[in-house]
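First up is the structure itself, then whatever we jot down about it.
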Amino acid sequence: MQSFLEKQGTALDTSQPSIRHLQDLIRHKTPVAVQVPGVGELEGILHWQDIDYLALKQDENRPLTLINRAAAATIRALG
C-alpha cells in the first residue's frame with residue numbers, strides 16, 4: 001500500500017486546451033476569479049497548477065490558497 005507521499009500521479013496533459021489556457025494565465029500573471037461552490041468567488045493570480053490543485057495568490061500578505069481542481073466550478077480572467 002502506498003502512502004500519500006508516495007503517490008505517483010499522472011503528468012499534467014499539456015496538450016489539453018484548458019491546461020494551456022491556465023498556463024497562459026499563470027505566465028502572464030493575469031488576475032482571475034475562481035468560483036468555488038460553498039465558498040464563493042476567490043480572486044487573485046494563479047501561481048501554479050498540477051493534476052490536483054491550483055495555487056492562487058490572493059494578497060501579497062497571505063499564503064497561497066490551494067484549490068482542488070474538481071472543486072473549481074469556473075475560472076475566468078479579470079484582466
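If you're wondering about the labels, chains in the C-alpha cells are A, B, ... by order shown, residues count from 1 in each chain, ligands from 1 in order shown.
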
**OP:** For segment 34-49 of chain A, work out the shell of residues within 8 Å, counting only C-alpha atoms and skipping chain neighbours fewer than 5 positions away, then give it as a count of residues only.
**Re:** 16

**OP:** Mind listing the helix (DSSP H, G or I) residues of chain A, per DSSP on the backbone, as JSON, numbers by chain?
**Re:** {"A": [4, 5, 6, 17, 18, 19, 20, 21, 22, 23, 24, 25, 26, 27, 69, 70, 71]}

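A straight line drawn from atom CA of Asp13 of chain A to atom CA of Pro63 of chain A is 26.9 Å long.
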
Original post:
Which residues in chain A does DSSP call strand (DSSP E)? List them as a ChimeraX atom specification.
Top reply: /A:31-36,40-49,53-57,65-68,74-77

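Distance annotation: of A:Asp50, A:Ala33, A:Gly79, A:His28, the residue with the minimal separation from Thr14 of chain A is A:Asp50; atom set is only C-alpha atoms.
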
Which polymer residues have any atom within 8 Å of an atom of Leu78 of chain A, counting only C-alpha atoms, with same-chain residues fewer than 6 positions away left out, as a compact mmCIF listing (two decimals) with all heavy atoms, in the first residue's frame?
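Writing the result to selection_2.txt gives the following:
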```txt
# COMPACT_ATOMS: atom_id res chain seq x y z
N THR A 30 -2.12 37.05 -15.07
CA THR A 30 -3.45 37.62 -15.28
C THR A 30 -4.33 37.38 -14.05
O THR A 30 -4.46 36.24 -13.61
CB THR A 30 -4.12 36.97 -16.51
OG1 THR A 30 -3.26 37.12 -17.65
CG2 THR A 30 -5.47 37.59 -16.81
N PRO A 31 -4.92 38.43 -13.50
CA PRO A 31 -5.85 38.22 -12.38
C PRO A 31 -7.04 37.37 -12.82
O PRO A 31 -7.53 37.52 -13.94
CB PRO A 31 -6.30 39.64 -12.02
CG PRO A 31 -5.26 40.54 -12.58
CD PRO A 31 -4.74 39.85 -13.81
N VAL A 32 -7.46 36.48 -11.92
CA VAL A 32 -8.58 35.58 -12.23
C VAL A 32 -9.58 35.57 -11.07
O VAL A 32 -9.26 35.97 -9.95
CB VAL A 32 -8.10 34.13 -12.49
CG1 VAL A 32 -7.22 34.04 -13.71
CG2 VAL A 32 -7.42 33.55 -11.27
N ALA A 33 -10.78 35.10 -11.36
CA ALA A 33 -11.79 34.82 -10.36
C ALA A 33 -12.12 33.34 -10.47
O ALA A 33 -12.41 32.86 -11.56
CB ALA A 33 -13.03 35.67 -10.59
```
